[in-house]
Amino acid sequence: MDLNSLKVFDIINDEQKRQKNYIELIASENFVSENVLKAAGSVLTNKYAEGYPERESVEKFIKEFPDYVHSGSVGRYYGGCENIDRLELFARYMFQKVFNTDYHVNVQPHSGSSANQAAYMSVLESGDTILSMSLENGAHLTHGSPVNFSGKQYNMVFYNVDSDGFIDYDDIERKIKEYSPKLVLAGASAYSRIIDFKRIRDMIDSCENKPYFMVDMAHIAGLVAAGDHPSPFGLADIITTTTHKTLRGARGGLIFCIRELAKKVDRAVFPGCQGGGLQHIVAAKAVAACEALSDEYKNYIHQVVKNSHAMCEEFKKLGYDIVTGGTDNHLFLIDFSKTHPLITGKEIQNLLDEHGITLNKNCVPNEKRSPQETSGVRIGTAAMTTKGFKEKDFIETADKINLIINEYYKNKIEG
Ligand SMILES: Cc1ncc(COP(=O)(O)O)c(C=O)c1O
């Protein structure tokens with residue numbers, strides 16, 4: 001190996017050590033299995049396969065797997081795609097099983113952001129109105145940030161959370177009436193409570209000019225798969241997700257949609273937003289889907305939720321202010337603005353990094369600081385549960401974080 005390549009592998013080794021030794025509490029991260037890694041590092045990276053499985057491949061696949069429900073575009077732009085066709089169909093089939101759905105599945109989005117971009121593009125024109133959760137209250141950049149394509153390309157209007165940090169469903173209803181959006185989006189990056197997809201569907205159904213209902217379930221996909229969060233399937237027209245958070249797969253995205261939208265979604269992904277799929281990543285997504293069907297995975301997700309609850313309760317006992325007062329899922333937010341007004345989320349993130357604990361700063365409802373500083377942090381339990389942490393380990397970690405913060409705060413006050 002040449003010296004420069006060695007440098008790259010040195011860096012990979014260093015990162016491997018960091019991942020082994022740190023307590024990982026970033027809510028959007030996880031540790032994939034050896035098999036997911038193997039697929040992601042496979043020779044499939046060598047293959048171009050623009051387009052979608054050929055019709056003959058689909059027919060052959062259905063003979064082998066008659067319960068696969070097919071919809072969407074067909075036809076490749078390159079030769080030699082017979083194995084990739086099988087792979088892509090198998091990945092779709094497995095994800096239909098994971099979410100117990102006959103929705104169309106596009107497994108090609110390179111990331112959650114690409115999935116959202118293509119999802120919007122499939123049903124919207126530039127300038128159309130999207131009603132989404134406000135960003136400072138937990139939505140993702142691609143849900144309308146002015147610095148993101150979503151905020152630049154579409155007319156974004158936002159619903160809020162109430163004074164306790166819960167989604168204000170009355171506000172959604174009011175804003176659907178006020179703005180007549182073409183698409184209503186549910187889903188978040190930093191929201192610790194159940195999202196009532198049915199309630200939003202009912203609001204949409206009672207509208208005259210029905211907007212599309214899209215759910216970005218990137219954070220909670222694993223919980224939906226395991227039955228620990230109500231499913232958006234059967235309610236939303238389009239569902240996007242990442243595959244690398246609670247789903248514990250390779251870094252990437254997926255789009256599910258009702259079959260009537262299948263061709264529009266496929267065309268928006270390719271040729272609309274992307275060229276050739278990352279077929280090694282499609283393979284790794286397929287492996288993750290197979291794993292997500294196991295009882296072991298379902299028990300893992302149940303443990304993630306129990307761990308999140310246990311850690312959150314411990315912080316409450318220690319006097320911390322938890323946004324919404326608790327959690328229903330794999331994450332929760334601590335608001336330091338009242339209990340520790342002199343420190344920022346950024347300072348806590350850096351402080352804990354020095355102690356081998358990784359988490360991220362996060363805005364809190366009615367945030368007074370900038371998104372670079374923030375008054376809160378977000379904590380998630382998916383990654384450390386993969387490493388075998390149980391409730392008592394998360395309680396011990398909360399106690400450790402408390403000691404570190406108290407010591408730092410005392411020194412800060414005493415100057
Ligand atoms: C809700 C949500 N949607 C989309 C994304 C974007 O995913 P990616 O980073 O893969 O582009 C994220 C990432 O954190 C997210 O939390």
# chains A, B, ... in the order shown; residues from 1 in each chain; ligands from 1

$ residues_around --residues "Val224 (chain A)" --least-positions-apart "5" --cutoff "10 Å" --atoms "only C-alpha atoms" --output "JSON, numbers by chain"
{"A": [98, 99, 217, 219, 229, 230, 231, 232, 233, 246, 247, 301]}

$ select_by_dssp --residues "region 151-365 of chain A" --states "alpha helix (DSSP H)" --output "ChimeraX atom specification"
/A:151-153,169-179,197-205,221-226,262-267,279-292,295-317,345-354

$ atom_distance --atom1 "CA of Ile130 (chain A)" --atom2 "CA of Ala218 (chain A)"
18.4 Å

$ residues_near_ligand --ligand "ligand 1" --cutoff "7 Å" --atoms "only C-alpha atoms and all ligand atoms" --output "list in words"
Ser28, Ser111, Gly112, Ser113, Ser114, Asn116, Ala139, His140, Thr142, Gly187, Ala188, Ser189, Asp216, Met217, Ala218, His219, Thr241, Thr242, Arg251, Gly252 and Gly253 of chain A

$ atom_distance --atom1 "CA of Leu89 (chain A)" --atom2 "CA of Ser33 (chain A)"
22.0 Å

$ closest_residue --among "A:Asp164, A:Asp196, A:Asp102, A:Glu178" --to "Ile258 (chain A)" --atoms "only C-alpha atoms"
A:Asp102

$ closest_residue --among "A:Glu347, A:Asp67, A:Asp171, A:Glu136" --to "Pro371 (chain A)" --atoms "only C-alpha atoms"
A:Glu136

$ residues_around --residues "Leu331 (chain A)" --least-positions-apart "3" --cutoff "9 Å" --atoms "only C-alpha atoms" --output "PyMOL selection string"
chain A and resi 26-27+190-193+305+308-309+312+327-328+378-382

$ write_last_selection --atoms "N, CA and C atoms" --output "PDB file, in the first residue's frame"
ATOM      1  N   ILE A  26     -25.183  10.342  20.476  1.00  0.00           N
ATOM      2  CA  ILE A  26     -25.789  11.112  19.381  1.00  0.00           C
ATOM      3  C   ILE A  26     -26.993  10.308  18.872  1.00  0.00           C
ATOM      4  N   ALA A  27     -28.154  10.959  18.903  1.00  0.00           N
ATOM      5  CA  ALA A  27     -29.417  10.220  18.676  1.00  0.00           C
ATOM      6  C   ALA A  27     -29.550   9.686  17.261  1.00  0.00           C
ATOM      7  N   ALA A 190     -35.475  16.005  16.289  1.00  0.00           N
ATOM      8  CA  ALA A 190     -35.294  16.200  17.732  1.00  0.00           C
ATOM      9  C   ALA A 190     -36.651  16.379  18.401  1.00  0.00           C
ATOM     10  N   TYR A 191     -37.469  15.341  18.325  1.00  0.00           N
ATOM     11  CA  TYR A 191     -38.785  15.368  18.965  1.00  0.00           C
ATOM     12  C   TYR A 191     -38.964  14.049  19.698  1.00  0.00           C
ATOM     13  N   SER A 192     -39.241  14.129  20.990  1.00  0.00           N
ATOM     14  CA  SER A 192     -39.164  12.926  21.827  1.00  0.00           C
ATOM     15  C   SER A 192     -40.510  12.247  22.058  1.00  0.00           C
ATOM     16  N   ARG A 193     -41.550  12.735  21.403  1.00  0.00           N
ATOM     17  CA  ARG A 193     -42.881  12.194  21.678  1.00  0.00           C
ATOM     18  C   ARG A 193     -43.475  11.500  20.451  1.00  0.00           C
ATOM     19  N   VAL A 305     -35.885   1.936  23.729  1.00  0.00           N
ATOM     20  CA  VAL A 305     -36.931   2.814  24.279  1.00  0.00           C
ATOM     21  C   VAL A 305     -36.912   2.750  25.816  1.00  0.00           C
ATOM     22  N   SER A 308     -33.981   4.783  27.020  1.00  0.00           N
ATOM     23  CA  SER A 308     -34.197   6.224  26.872  1.00  0.00           C
ATOM     24  C   SER A 308     -35.049   6.727  28.043  1.00  0.00           C
ATOM     25  N   HIS A 309     -36.086   5.956  28.352  1.00  0.00           N
ATOM     26  CA  HIS A 309     -36.978   6.325  29.440  1.00  0.00           C
ATOM     27  C   HIS A 309     -36.203   6.351  30.779  1.00  0.00           C
ATOM     28  N   CYS A 312     -33.715   9.292  30.947  1.00  0.00           N
ATOM     29  CA  CYS A 312     -34.459  10.552  31.028  1.00  0.00           C
ATOM     30  C   CYS A 312     -35.005  10.744  32.460  1.00  0.00           C
ATOM     31  N   THR A 327     -40.017  11.266  27.557  1.00  0.00           N
ATOM     32  CA  THR A 327     -39.793  10.741  26.207  1.00  0.00           C
ATOM     33  C   THR A 327     -40.649   9.510  25.941  1.00  0.00           C
ATOM     34  N   ASP A 328     -41.033   9.354  24.664  1.00  0.00           N
ATOM     35  CA  ASP A 328     -41.721   8.133  24.222  1.00  0.00           C
ATOM     36  C   ASP A 328     -40.846   7.331  23.281  1.00  0.00           C
ATOM     37  N   ARG A 378     -29.228  17.148  22.902  1.00  0.00           N
ATOM     38  CA  ARG A 378     -30.074  15.998  22.532  1.00  0.00           C
ATOM     39  C   ARG A 378     -29.322  14.728  22.909  1.00  0.00           C
ATOM     40  N   ILE A 379     -30.037  13.807  23.507  1.00  0.00           N
ATOM     41  CA  ILE A 379     -29.416  12.546  23.919  1.00  0.00           C
ATOM     42  C   ILE A 379     -30.220  11.382  23.343  1.00  0.00           C
ATOM     43  N   GLY A 380     -29.521  10.416  22.756  1.00  0.00           N
ATOM     44  CA  GLY A 380     -30.203   9.243  22.200  1.00  0.00           C
ATOM     45  C   GLY A 380     -29.560   7.954  22.689  1.00  0.00           C
ATOM     46  N   THR A 381     -30.354   6.884  22.696  1.00  0.00           N
ATOM     47  CA  THR A 381     -29.874   5.636  23.297  1.00  0.00           C
ATOM     48  C   THR A 381     -29.653   4.504  22.287  1.00  0.00           C
ATOM     49  N   ALA A 382     -29.881   4.774  20.989  1.00  0.00           N
ATOM     50  CA  ALA A 382     -29.816   3.674  20.010  1.00  0.00           C
ATOM     51  C   ALA A 382     -28.412   3.066  19.917  1.00  0.00           C
TER      52      ALA A 382
END

$ closest_residue --among "A:Phe61, A:Phe213, A:Tyr68, A:Tyr408" --to "Ser132 (chain A)" --atoms "only C-alpha atoms"
A:Phe213
